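These notes are about the structure you will find just below.
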Amino acid sequence: MGEMIGPKFECEFTDMRISDVGFGKDEYKSSKPNIVKNDALLEEIIKVCDAAETAIGHTIGPYADETLIQSYADDSIPIFNTRDGYTILQKMRFTQPIPNAIFKIIREISEYLQEKVGDSTSSGIPIETSLIRNFVKIFNDSKNSSNGWKFSPVGIRNISHICVAEIIKSFMDNPKYQKIFPKIGKDGYTKEQEDEIISWLTKVATISANNDVETGKKIAELFRDKLDGRGSVFPVESKTEEEYSEETKAYIIHKGLTDIKRMSNRIDGVTCVFEKPLVAMFDGHLLENDLPAFKQIVECAAFVLNRPIIIMAQSYDISIMKYVINCLSGQEYNVKGQHLNDPKMDASADPKKVEIATIIVQNKEVLEQYSFDDTALMLNCTPFSTELTTLSKLPTDSTECSKVLLNMCGTCDKASMGYQESLFFGCKPDKEKYDAKIKELEEKLDSLKKLKFHYTDYNQDDIMQRISSLEARTTFYYCGGRTDKVKRSRKLVVEDAIDACKAAIKNGGVSIGGNMAICHVIEHNFDNLVSRIMTIISNTNVNITAAENKDDVESIVRTILEAIRDSFGQAYRYALYNMYRDSKKAFDKWEECVEEVVPSVYNIMTNKIERFDCDNVEGCTTIIVPRNTDVCLLTVVMETVCELINMGNMITIVSPGMDLEALQLKQMESGAIYAAQNSIMKIGR
């Protein structure tokens, strides 16, 4: 698929001026017409929704078709075929501005789901399109009420959100629809708990990997040491044809040795490896006048504590580096810790090579400061102060000096430093500080995601990289294949499986797939839901402005619930249609599942209706998704529908022939809100 071209955009523009809407008839100045007539805009919304649904619908399910993706903008990305809905939507474009703006609103559903649950991005588009069509059909049908419904778009939106909240309450944390993973104990999960969770993750990964069982097993196993939520799995394209994974359980900083040739202690000539090193960090430069105190630090580490030492500072004066090189080459001390140029030294004692390495870690820029702080946190280190003052001397008593050094310096089990990056294995940060930092970063990430436009030198990607780096458990999964096209397509499949496992762990469980939880709970709790929703409307000061009497409001509630039930079956009906190529058979099979007493879903691969069983991982259906998938899907779809069908468009749905310009002029002339007369009411009072 190259650049997708949507339906040709043709519509009339109103002759309203901006001031007609905002300032009053007598105060306006001429302006170009720029407000699309509502009926024309509604028509464009439907056309764009249909185009997106067509692109996505045929990719759903194991018997779905693939889409050819082609990018003219980036020659490094090959032409490849895929059934990944998120990728397809990212490539779609419309040539006209208004359809493209509408499509961007719709595409946000996919982006939100990709972020929150990792998969199910394809489902949202046909569900959203079906719900909009249902709303249009419902509110253009005056037969739903003897006198026709009088409502405001705000009222319908509010009723819809109440319906959504009550539906979610009915299946959220309900064992009929969800399996909640046990909470992790102080000592982690038991072997039995771990095995059971991996079995659930295998099912989640398999369905997200387009029913590839072997891939599902491989991906699930990669998360065995990450069930506490810490650690990452990254899919990358393999440099060979082979597919394999590689563990890197280390905190990584992208800074290497200052002098590779002389600091390397490995035969490769570029790597230095220390066991249980001390790490001394300095918040500024190390200058010549810092040398006396710096020597104390090195001497105490090497000869009192017998530990290798790693130095991190902004820069090093030549006198500091000359001293370090002399320590490395054995030209500074003997084995007793005496200076070789000291006349009182023991001449029979052999020279001593001190295990020392230096790394430049700056902290002037924002991201550098964050990297510096994170390194200090992970290594449990308190930096020495040299930015504003000369380095303070340590106590001359060796015991006291050791206490200060152990208190200030950080450590880890093993460090491996090269020319480009440094890896620290077995970091033991203070748990309270670590948890607080992760929470702080996650809150910052959430706040940035809420901003549509922001100018900052610290963005979402920076925060996500920091969190990933702090988790210090990284697995790289290399996606193989004989060609770049195969590797690229394979990477998309593996990404979905990885993201689904991460979402299941983050959300603490799994639930039945196929959006069956929503359909089933409405089908089997319909009257109860209506009663609860009507009680909320009656007892809450909520603006519904939706009807003349209680019966009409109840009729609207029932109709909205039916619309949600029908629309949330649309995605899975596509999967069934792609198997049967028969719309009626697909609908009948879906309805059969919905009517089952126990939540069930039809498995296209086994040709059986399978039940959801949270107590039996082996006997439960394989069609499961991360917990909260349906919650995210229901909320984002309803919000998007309400955004698309805004106030003017909702009025148009009910009365397509309404003259909005005349209505607005009448409002301004009378000084009253003409359209809302007698519309605010309290039900049952």
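Every chain in the structure tokens takes a letter, A first, then B, and so on in the order presented; its residues are numbered from 1, and the ligands are numbered from 1 following the presented order.
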
| Could you pull out all residues of stretch 233-393 of chain A with a DSSP call of strand (DSSP E) and give them as an MDAnalysis selection string? | chainID A and resid 233:237 244:248 250:253 272:275 278:281 309:313 333:334 351:352 356:360

Would you export the selected residues with C-alpha atoms as a PDB file, in the first residue's frame, please?
```
ATOM      1  CA  VAL A 233      12.266  -7.194  25.631  1.00  0.00           C
ATOM      2  CA  PHE A 234      13.266  -5.430  22.426  1.00  0.00           C
ATOM      3  CA  PRO A 235      12.612  -6.887  18.955  1.00  0.00           C
ATOM      4  CA  VAL A 236      15.289  -6.029  16.403  1.00  0.00           C
ATOM      5  CA  GLU A 237      16.067  -7.286  12.929  1.00  0.00           C
ATOM      6  CA  TYR A 244      17.688 -15.806  18.485  1.00  0.00           C
ATOM      7  CA  SER A 245      17.550 -13.871  21.763  1.00  0.00           C
ATOM      8  CA  GLU A 246      20.277 -12.288  23.852  1.00  0.00           C
ATOM      9  CA  GLU A 247      20.109 -11.361  27.547  1.00  0.00           C
ATOM     10  CA  THR A 248      21.743  -8.191  28.815  1.00  0.00           C
ATOM     11  CA  ALA A 250      22.933  -4.807  33.110  1.00  0.00           C
ATOM     12  CA  TYR A 251      22.490  -1.121  33.743  1.00  0.00           C
ATOM     13  CA  ILE A 252      23.993   0.541  30.684  1.00  0.00           C
ATOM     14  CA  ILE A 253      25.423   4.018  30.235  1.00  0.00           C
ATOM     15  CA  CYS A 272      38.024  -3.508  30.924  1.00  0.00           C
ATOM     16  CA  VAL A 273      36.247  -5.872  33.357  1.00  0.00           C
ATOM     17  CA  PHE A 274      36.209  -5.446  37.140  1.00  0.00           C
ATOM     18  CA  GLU A 275      34.645  -7.711  39.791  1.00  0.00           C
ATOM     19  CA  LEU A 278      33.959   0.662  43.918  1.00  0.00           C
ATOM     20  CA  VAL A 279      32.536   3.512  41.837  1.00  0.00           C
ATOM     21  CA  ALA A 280      33.465   7.083  42.806  1.00  0.00           C
ATOM     22  CA  MET A 281      31.406   9.804  41.132  1.00  0.00           C
ATOM     23  CA  ILE A 309      37.867   1.522  41.450  1.00  0.00           C
ATOM     24  CA  ILE A 310      35.999   3.277  38.652  1.00  0.00           C
ATOM     25  CA  ILE A 311      36.134   7.078  38.476  1.00  0.00           C
ATOM     26  CA  MET A 312      33.337   9.128  36.873  1.00  0.00           C
ATOM     27  CA  ALA A 313      33.755  12.882  36.442  1.00  0.00           C
ATOM     28  CA  TYR A 333      52.971   2.333  44.176  1.00  0.00           C
ATOM     29  CA  ASN A 334      54.481  -0.884  45.439  1.00  0.00           C
ATOM     30  CA  PRO A 351      55.574  -2.485  42.103  1.00  0.00           C
ATOM     31  CA  LYS A 352      51.784  -2.667  42.214  1.00  0.00           C
ATOM     32  CA  ILE A 356      41.504   1.783  38.041  1.00  0.00           C
ATOM     33  CA  ALA A 357      39.460   3.109  35.111  1.00  0.00           C
ATOM     34  CA  THR A 358      38.043   6.525  34.308  1.00  0.00           C
ATOM     35  CA  ILE A 359      34.856   7.506  32.466  1.00  0.00           C
ATOM     36  CA  ILE A 360      33.667  10.965  31.489  1.00  0.00           C
TER      37      ILE A 360
END
```

| said: If we count only C-alpha atoms and set the cut-off at 12 Å, which residues sit around A:Ile132, ignoring sequence neighbours fewer than 2 positions away in its own chain? Please answer as a ChimeraX atom specification. | reply: /A:42-43,45-50,106,125-130,134-139,560,563-564,566-568,637-646,649-650,653

Given the selection you just returned, output its residues as a file containing C-alpha atoms, formatted as a PDB file, in the first residue's frame.
```
ATOM      1  CA  LEU A  42     -21.121  14.111   8.753  1.00  0.00           C
ATOM      2  CA  GLU A  43     -20.965  12.609   5.285  1.00  0.00           C
ATOM      3  CA  ILE A  45     -16.917  11.337   8.731  1.00  0.00           C
ATOM      4  CA  ILE A  46     -18.822   8.306   7.468  1.00  0.00           C
ATOM      5  CA  LYS A  47     -16.718   8.094   4.299  1.00  0.00           C
ATOM      6  CA  VAL A  48     -13.427   8.283   6.191  1.00  0.00           C
ATOM      7  CA  CYS A  49     -14.593   5.734   8.778  1.00  0.00           C
ATOM      8  CA  ASP A  50     -15.615   3.378   5.967  1.00  0.00           C
ATOM      9  CA  ILE A 106      -9.892   7.976  14.249  1.00  0.00           C
ATOM     10  CA  ILE A 125     -11.604   0.928  13.919  1.00  0.00           C
ATOM     11  CA  PRO A 126     -14.511  -1.309  12.788  1.00  0.00           C
ATOM     12  CA  ILE A 127     -16.100  -0.999  16.245  1.00  0.00           C
ATOM     13  CA  GLU A 128     -15.929   2.795  16.097  1.00  0.00           C
ATOM     14  CA  THR A 129     -17.336   2.874  12.554  1.00  0.00           C
ATOM     15  CA  SER A 130     -20.179   0.546  13.494  1.00  0.00           C
ATOM     16  CA  ASN A 134     -25.644   2.898  14.792  1.00  0.00           C
ATOM     17  CA  PHE A 135     -25.916   6.363  16.340  1.00  0.00           C
ATOM     18  CA  VAL A 136     -26.836   7.897  12.994  1.00  0.00           C
ATOM     19  CA  LYS A 137     -29.438   5.223  12.348  1.00  0.00           C
ATOM     20  CA  ILE A 138     -30.911   5.394  15.838  1.00  0.00           C
ATOM     21  CA  PHE A 139     -31.285   9.139  16.075  1.00  0.00           C
ATOM     22  CA  ILE A 560     -27.445   2.894  23.325  1.00  0.00           C
ATOM     23  CA  ALA A 563     -25.800  -0.264  19.846  1.00  0.00           C
ATOM     24  CA  ILE A 564     -22.718  -0.940  21.983  1.00  0.00           C
ATOM     25  CA  ASP A 566     -23.864  -4.869  18.333  1.00  0.00           C
ATOM     26  CA  SER A 567     -20.859  -2.659  17.520  1.00  0.00           C
ATOM     27  CA  PHE A 568     -18.436  -4.515  19.796  1.00  0.00           C
ATOM     28  CA  VAL A 637     -14.031   4.284  21.164  1.00  0.00           C
ATOM     29  CA  MET A 638     -16.872   6.068  22.946  1.00  0.00           C
ATOM     30  CA  GLU A 639     -14.779   9.202  23.484  1.00  0.00           C
ATOM     31  CA  THR A 640     -13.780   9.223  19.813  1.00  0.00           C
ATOM     32  CA  VAL A 641     -17.365   8.785  18.641  1.00  0.00           C
ATOM     33  CA  CYS A 642     -18.473  11.646  20.883  1.00  0.00           C
ATOM     34  CA  GLU A 643     -15.623  13.769  19.547  1.00  0.00           C
ATOM     35  CA  LEU A 644     -16.536  13.076  15.924  1.00  0.00           C
ATOM     36  CA  ILE A 645     -20.234  13.601  16.438  1.00  0.00           C
ATOM     37  CA  ASN A 646     -19.924  16.986  18.098  1.00  0.00           C
ATOM     38  CA  ASN A 649     -23.204  17.213  13.963  1.00  0.00           C
ATOM     39  CA  MET A 650     -25.443  15.574  16.558  1.00  0.00           C
ATOM     40  CA  ILE A 653     -28.226  13.682  12.802  1.00  0.00           C
TER      41      ILE A 653
END
```

| task | Name the residues in contact with A:Lys176 at a cut-off of 8 Å, using only C-alpha atoms, excluding same-chain residues fewer than 5 positions from it; report them as a PyMOL selection string. | result | chain A and resi 171+598-599+612-614

| query | At what distance in Å, to one decimal, does atom CA of A:Met579 lie from atom CA of A:Ile56? | reply | 15.4 Å

| Length of the atom CA of A:Glu44 to atom CA of A:Asn100 vector [Å] | 10.1 Å

Would you list the contacts of A:Asp317 as an mmCIF file with N, CA, C and O atoms, in the first residue's frame, taking every protein, DNA or RNA residue within 10 Å and counting only C-alpha atoms, but skipping same-chain residues closer than 4 positions in sequence?
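Okay, this is what ended up in result_3.cif:
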```cif
data_model
loop_
_atom_site.group_PDB
_atom_site.id
_atom_site.type_symbol
_atom_site.label_atom_id
_atom_site.label_comp_id
_atom_site.auth_asym_id
_atom_site.auth_seq_id
_atom_site.Cartn_x
_atom_site.Cartn_y
_atom_site.Cartn_z
ATOM 1 N N HIS A 285 34.566 18.784 37.592
ATOM 2 C CA HIS A 285 35.853 18.406 37.001
ATOM 3 C C HIS A 285 36.810 17.948 38.105
ATOM 4 O O HIS A 285 36.691 18.344 39.260
ATOM 5 N N LEU A 286 37.782 17.142 37.731
ATOM 6 C CA LEU A 286 38.881 16.794 38.627
ATOM 7 C C LEU A 286 40.116 17.558 38.158
ATOM 8 O O LEU A 286 40.646 17.299 37.069
ATOM 9 N N LEU A 287 40.569 18.514 38.988
ATOM 10 C CA LEU A 287 41.663 19.402 38.613
ATOM 11 C C LEU A 287 42.909 19.101 39.446
ATOM 12 O O LEU A 287 42.883 18.267 40.364
ATOM 13 N N GLU A 288 43.963 19.798 39.146
ATOM 14 C CA GLU A 288 45.239 19.523 39.814
ATOM 15 C C GLU A 288 45.148 19.719 41.319
ATOM 16 O O GLU A 288 45.731 18.946 42.091
ATOM 17 N N ASN A 289 44.424 20.740 41.769
ATOM 18 C CA ASN A 289 44.325 20.967 43.215
ATOM 19 C C ASN A 289 43.447 19.930 43.918
ATOM 20 O O ASN A 289 43.359 19.909 45.144
ATOM 21 N N ASP A 290 42.747 19.056 43.134
ATOM 22 C CA ASP A 290 41.988 17.952 43.726
ATOM 23 C C ASP A 290 42.860 16.706 43.916
ATOM 24 O O ASP A 290 42.409 15.733 44.533
ATOM 25 N N LEU A 291 44.077 16.724 43.388
ATOM 26 C CA LEU A 291 44.908 15.516 43.358
ATOM 27 C C LEU A 291 45.225 14.932 44.736
ATOM 28 O O LEU A 291 45.148 13.711 44.912
ATOM 29 N N MET A 321 45.127 12.592 35.093
ATOM 30 C CA MET A 321 45.261 11.482 34.157
ATOM 31 C C MET A 321 46.665 10.875 34.207
ATOM 32 O O MET A 321 46.833 9.662 34.071
ATOM 33 N N LYS A 322 47.681 11.717 34.397
ATOM 34 C CA LYS A 322 49.044 11.195 34.507
ATOM 35 C C LYS A 322 49.167 10.280 35.718
ATOM 36 O O LYS A 322 49.790 9.202 35.648
#
```

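Relative to atom CA of A:Val164, atom CA of A:Phe526 is found at 13.0 Å.
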
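Near A:Gly481, within 8 Å and counting only C-alpha atoms, sit Ser238, Thr240, Glu241, Glu242, Glu243, Cys479, Thr483, Asp484, Val486, Lys487 and Arg490 of chain A, not including residues fewer than 2 positions from it in the same chain.
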
| Counting only C-alpha atoms, the residue of A:Gln296, A:Tyr370, A:Val154, A:Val510 that sits nearest A:Leu405 | A:Gln296

| request: Would you mind listing what lies within 8 Å of A:Gly509 as a PyMOL selection string, with only C-alpha atoms counted and same-chain residues fewer than 6 positions away left out? | output: chain A and resi 178-181+626-627

Selection above as a file: N, CA, C and O atoms, as a short mmCIF file (atom, residue, chain, number, x, y, z; two decimals), in the first residue's frame:
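Just written: result-v4.cif:
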```
data_model
loop_
_atom_site.label_atom_id
_atom_site.label_comp_id
_atom_site.auth_asym_id
_atom_site.auth_seq_id
_atom_site.Cartn_x
_atom_site.Cartn_y
_atom_site.Cartn_z
N GLN A 178 -12.31 -12.46 33.55
CA GLN A 178 -10.91 -12.10 33.70
C GLN A 178 -10.17 -13.04 34.64
O GLN A 178 -10.73 -13.54 35.61
N LYS A 179 -8.91 -13.25 34.33
CA LYS A 179 -7.99 -13.96 35.21
C LYS A 179 -7.02 -12.94 35.78
O LYS A 179 -6.27 -12.29 35.05
N ILE A 180 -7.04 -12.76 37.10
CA ILE A 180 -6.16 -11.79 37.75
C ILE A 180 -4.95 -12.53 38.31
O ILE A 180 -5.10 -13.50 39.08
N PHE A 181 -3.76 -12.13 37.91
CA PHE A 181 -2.53 -12.77 38.39
C PHE A 181 -2.36 -12.49 39.89
O PHE A 181 -2.71 -11.41 40.37
N PRO A 626 -4.73 -9.24 27.01
CA PRO A 626 -4.35 -8.63 28.29
C PRO A 626 -5.55 -8.03 29.01
O PRO A 626 -6.45 -7.47 28.37
N ARG A 627 -5.56 -8.17 30.31
CA ARG A 627 -6.61 -7.56 31.12
C ARG A 627 -6.65 -6.06 30.86
O ARG A 627 -5.65 -5.43 30.61
#
```

| field | Test item, helix (DSSP H, G or I) assignment across stretch 587-618 of chain A, answer as a PyMOL selection string | value | chain A and resi 587-595

How about saving the chosen residues, N, CA, C and O atoms kept, as a tab-separated table (two decimals), in the first residue's frame?
```
chain	number	residue	atom	x	y	z
A	587	PHE	N	-22.41	-13.61	11.39
A	587	PHE	CA	-23.24	-13.00	12.43
A	587	PHE	C	-23.89	-14.07	13.31
A	587	PHE	O	-23.91	-13.94	14.54
A	588	ASP	N	-24.39	-15.13	12.71
A	588	ASP	CA	-25.05	-16.19	13.48
A	588	ASP	C	-24.08	-16.87	14.45
A	588	ASP	O	-24.43	-17.17	15.60
A	589	LYS	N	-22.86	-17.11	14.00
A	589	LYS	CA	-21.87	-17.77	14.86
A	589	LYS	C	-21.48	-16.86	16.02
A	589	LYS	O	-21.33	-17.32	17.16
A	590	TRP	N	-21.33	-15.55	15.73
A	590	TRP	CA	-21.02	-14.61	16.81
A	590	TRP	C	-22.16	-14.55	17.82
A	590	TRP	O	-21.93	-14.57	19.03
A	591	GLU	N	-23.39	-14.48	17.35
A	591	GLU	CA	-24.55	-14.39	18.23
A	591	GLU	C	-24.69	-15.66	19.07
A	591	GLU	O	-25.09	-15.60	20.24
A	592	GLU	N	-24.34	-16.78	18.51
A	592	GLU	CA	-24.38	-18.04	19.27
A	592	GLU	C	-23.43	-17.97	20.46
A	592	GLU	O	-23.76	-18.43	21.56
A	593	CYS	N	-22.26	-17.40	20.25
A	593	CYS	CA	-21.29	-17.25	21.35
A	593	CYS	C	-21.82	-16.30	22.42
A	593	CYS	O	-21.70	-16.56	23.62
A	594	VAL	N	-22.42	-15.19	21.99
A	594	VAL	CA	-22.93	-14.19	22.92
A	594	VAL	C	-24.04	-14.78	23.80
A	594	VAL	O	-24.15	-14.46	24.98
A	595	GLU	N	-24.84	-15.65	23.24
A	595	GLU	CA	-25.97	-16.22	23.97
A	595	GLU	C	-25.58	-17.35	24.91
A	595	GLU	O	-26.40	-17.80	25.73
```

| message | I'd like the contact shell of A:Phe384 - 9 Å cut-off, only C-alpha atoms, skipping same-chain residues fewer than 6 positions apart - returned as a ChimeraX atom specification. | response | /A:280-284,391-392,408-409

Write out, as a PDB file, in the first residue's frame, the residues just selected, with all heavy atoms.
```pdb
ATOM      1  N   ALA A 280      33.431   5.734  42.227  1.00  0.00           N
ATOM      2  CA  ALA A 280      33.465   7.083  42.806  1.00  0.00           C
ATOM      3  C   ALA A 280      32.994   8.074  41.744  1.00  0.00           C
ATOM      4  O   ALA A 280      33.576   8.154  40.654  1.00  0.00           O
ATOM      5  CB  ALA A 280      34.869   7.426  43.273  1.00  0.00           C
ATOM      6  N   MET A 281      31.954   8.821  42.064  1.00  0.00           N
ATOM      7  CA  MET A 281      31.406   9.804  41.132  1.00  0.00           C
ATOM      8  C   MET A 281      31.678  11.215  41.643  1.00  0.00           C
ATOM      9  O   MET A 281      31.615  11.473  42.854  1.00  0.00           O
ATOM     10  CB  MET A 281      29.897   9.578  40.956  1.00  0.00           C
ATOM     11  CG  MET A 281      29.542   8.230  40.362  1.00  0.00           C
ATOM     12  SD  MET A 281      27.753   8.025  40.084  1.00  0.00           S
ATOM     13  CE  MET A 281      27.488   9.209  38.763  1.00  0.00           C
ATOM     14  N   PHE A 282      31.972  12.124  40.707  1.00  0.00           N
ATOM     15  CA  PHE A 282      32.283  13.514  41.042  1.00  0.00           C
ATOM     16  C   PHE A 282      31.367  14.413  40.222  1.00  0.00           C
ATOM     17  O   PHE A 282      31.231  14.231  39.007  1.00  0.00           O
ATOM     18  CB  PHE A 282      33.753  13.814  40.743  1.00  0.00           C
ATOM     19  CG  PHE A 282      34.705  12.935  41.498  1.00  0.00           C
ATOM     20  CD1 PHE A 282      35.037  11.673  41.022  1.00  0.00           C
ATOM     21  CD2 PHE A 282      35.250  13.351  42.706  1.00  0.00           C
ATOM     22  CE1 PHE A 282      35.901  10.851  41.726  1.00  0.00           C
ATOM     23  CE2 PHE A 282      36.119  12.529  43.417  1.00  0.00           C
ATOM     24  CZ  PHE A 282      36.442  11.273  42.935  1.00  0.00           C
ATOM     25  N   ASP A 283      30.742  15.393  40.882  1.00  0.00           N
ATOM     26  CA  ASP A 283      29.753  16.216  40.184  1.00  0.00           C
ATOM     27  C   ASP A 283      30.362  17.319  39.332  1.00  0.00           C
ATOM     28  O   ASP A 283      29.651  18.098  38.700  1.00  0.00           O
ATOM     29  CB  ASP A 283      28.758  16.819  41.182  1.00  0.00           C
ATOM     30  CG  ASP A 283      29.416  17.762  42.185  1.00  0.00           C
ATOM     31  OD1 ASP A 283      30.606  18.094  42.009  1.00  0.00           O
ATOM     32  OD2 ASP A 283      28.735  18.171  43.146  1.00  0.00           O
ATOM     33  N   GLY A 284      31.696  17.405  39.300  1.00  0.00           N
ATOM     34  CA  GLY A 284      32.360  18.414  38.485  1.00  0.00           C
ATOM     35  C   GLY A 284      33.642  17.877  37.889  1.00  0.00           C
ATOM     36  O   GLY A 284      33.814  16.668  37.688  1.00  0.00           O
ATOM     37  N   LEU A 391      38.131  19.254  46.028  1.00  0.00           N
ATOM     38  CA  LEU A 391      37.792  17.988  46.665  1.00  0.00           C
ATOM     39  C   LEU A 391      38.347  17.942  48.088  1.00  0.00           C
ATOM     40  O   LEU A 391      39.546  18.164  48.315  1.00  0.00           O
ATOM     41  CB  LEU A 391      38.363  16.835  45.837  1.00  0.00           C
ATOM     42  CG  LEU A 391      38.082  15.418  46.337  1.00  0.00           C
ATOM     43  CD1 LEU A 391      36.586  15.126  46.341  1.00  0.00           C
ATOM     44  CD2 LEU A 391      38.816  14.388  45.474  1.00  0.00           C
ATOM     45  N   SER A 392      37.448  17.664  49.031  1.00  0.00           N
ATOM     46  CA  SER A 392      37.858  17.630  50.441  1.00  0.00           C
ATOM     47  C   SER A 392      38.667  16.373  50.733  1.00  0.00           C
ATOM     48  O   SER A 392      38.381  15.294  50.205  1.00  0.00           O
ATOM     49  CB  SER A 392      36.629  17.661  51.348  1.00  0.00           C
ATOM     50  OG  SER A 392      35.879  18.833  51.125  1.00  0.00           O
ATOM     51  N   MET A 408      30.339   6.623  50.514  1.00  0.00           N
ATOM     52  CA  MET A 408      30.198   7.515  49.370  1.00  0.00           C
ATOM     53  C   MET A 408      30.196   6.769  48.031  1.00  0.00           C
ATOM     54  O   MET A 408      29.460   7.145  47.115  1.00  0.00           O
ATOM     55  CB  MET A 408      31.344   8.538  49.363  1.00  0.00           C
ATOM     56  CG  MET A 408      31.376   9.467  50.557  1.00  0.00           C
ATOM     57  SD  MET A 408      30.082  10.729  50.518  1.00  0.00           S
ATOM     58  CE  MET A 408      30.669  11.809  49.240  1.00  0.00           C
ATOM     59  N   CYS A 409      30.993   5.759  47.915  1.00  0.00           N
ATOM     60  CA  CYS A 409      31.150   5.061  46.635  1.00  0.00           C
ATOM     61  C   CYS A 409      30.017   4.072  46.392  1.00  0.00           C
ATOM     62  O   CYS A 409      29.472   3.482  47.321  1.00  0.00           O
ATOM     63  CB  CYS A 409      32.485   4.318  46.580  1.00  0.00           C
ATOM     64  SG  CYS A 409      33.913   5.399  46.453  1.00  0.00           S
TER      65      CYS A 409
END
```

Could the residues of stretch 344-435 of chain A that have an atom at most 8 Å from stretch 300-306 of chain A be listed as CSV, each with its closest atom pair and the distance in Å to one decimal, counting only C-alpha atoms and ordered by chain and ascending residue number?
```
residue,atom,partner,partner_atom,distance
A:Val354,CA,A:Ala302,CA,6.4
A:Glu355,CA,A:Ala302,CA,7.4
A:Ser398,CA,A:Val304,CA,7.0
A:Cys401,CA,A:Cys300,CA,7.0
A:Ser402,CA,A:Cys300,CA,6.5
A:Leu405,CA,A:Ala301,CA,7.8
```

Hey, can you spit out that residue selection with N, CA and C atoms as an mmCIF file, in the first residue's frame?
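Contents of selection_26.cif, freshly written:
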```cif
data_model
loop_
_atom_site.group_PDB
_atom_site.id
_atom_site.type_symbol
_atom_site.label_atom_id
_atom_site.label_comp_id
_atom_site.auth_asym_id
_atom_site.auth_seq_id
_atom_site.Cartn_x
_atom_site.Cartn_y
_atom_site.Cartn_z
ATOM 1 N N VAL A 354 47.571 -0.741 40.018
ATOM 2 C CA VAL A 354 46.274 -0.463 40.628
ATOM 3 C C VAL A 354 45.173 -0.640 39.576
ATOM 4 N N GLU A 355 44.130 -1.355 39.970
ATOM 5 C CA GLU A 355 42.986 -1.555 39.064
ATOM 6 C C GLU A 355 42.102 -0.300 39.108
ATOM 7 N N SER A 398 43.097 4.954 58.429
ATOM 8 C CA SER A 398 42.647 4.045 57.371
ATOM 9 C C SER A 398 41.251 3.495 57.631
ATOM 10 N N CYS A 401 38.818 6.330 56.999
ATOM 11 C CA CYS A 401 38.832 6.608 55.565
ATOM 12 C C CYS A 401 38.014 5.558 54.809
ATOM 13 N N SER A 402 38.128 4.288 55.215
ATOM 14 C CA SER A 402 37.377 3.196 54.581
ATOM 15 C C SER A 402 35.882 3.379 54.770
ATOM 16 N N LEU A 405 34.678 6.070 52.441
ATOM 17 C CA LEU A 405 34.703 5.613 51.054
ATOM 18 C C LEU A 405 33.551 4.647 50.764
#
```
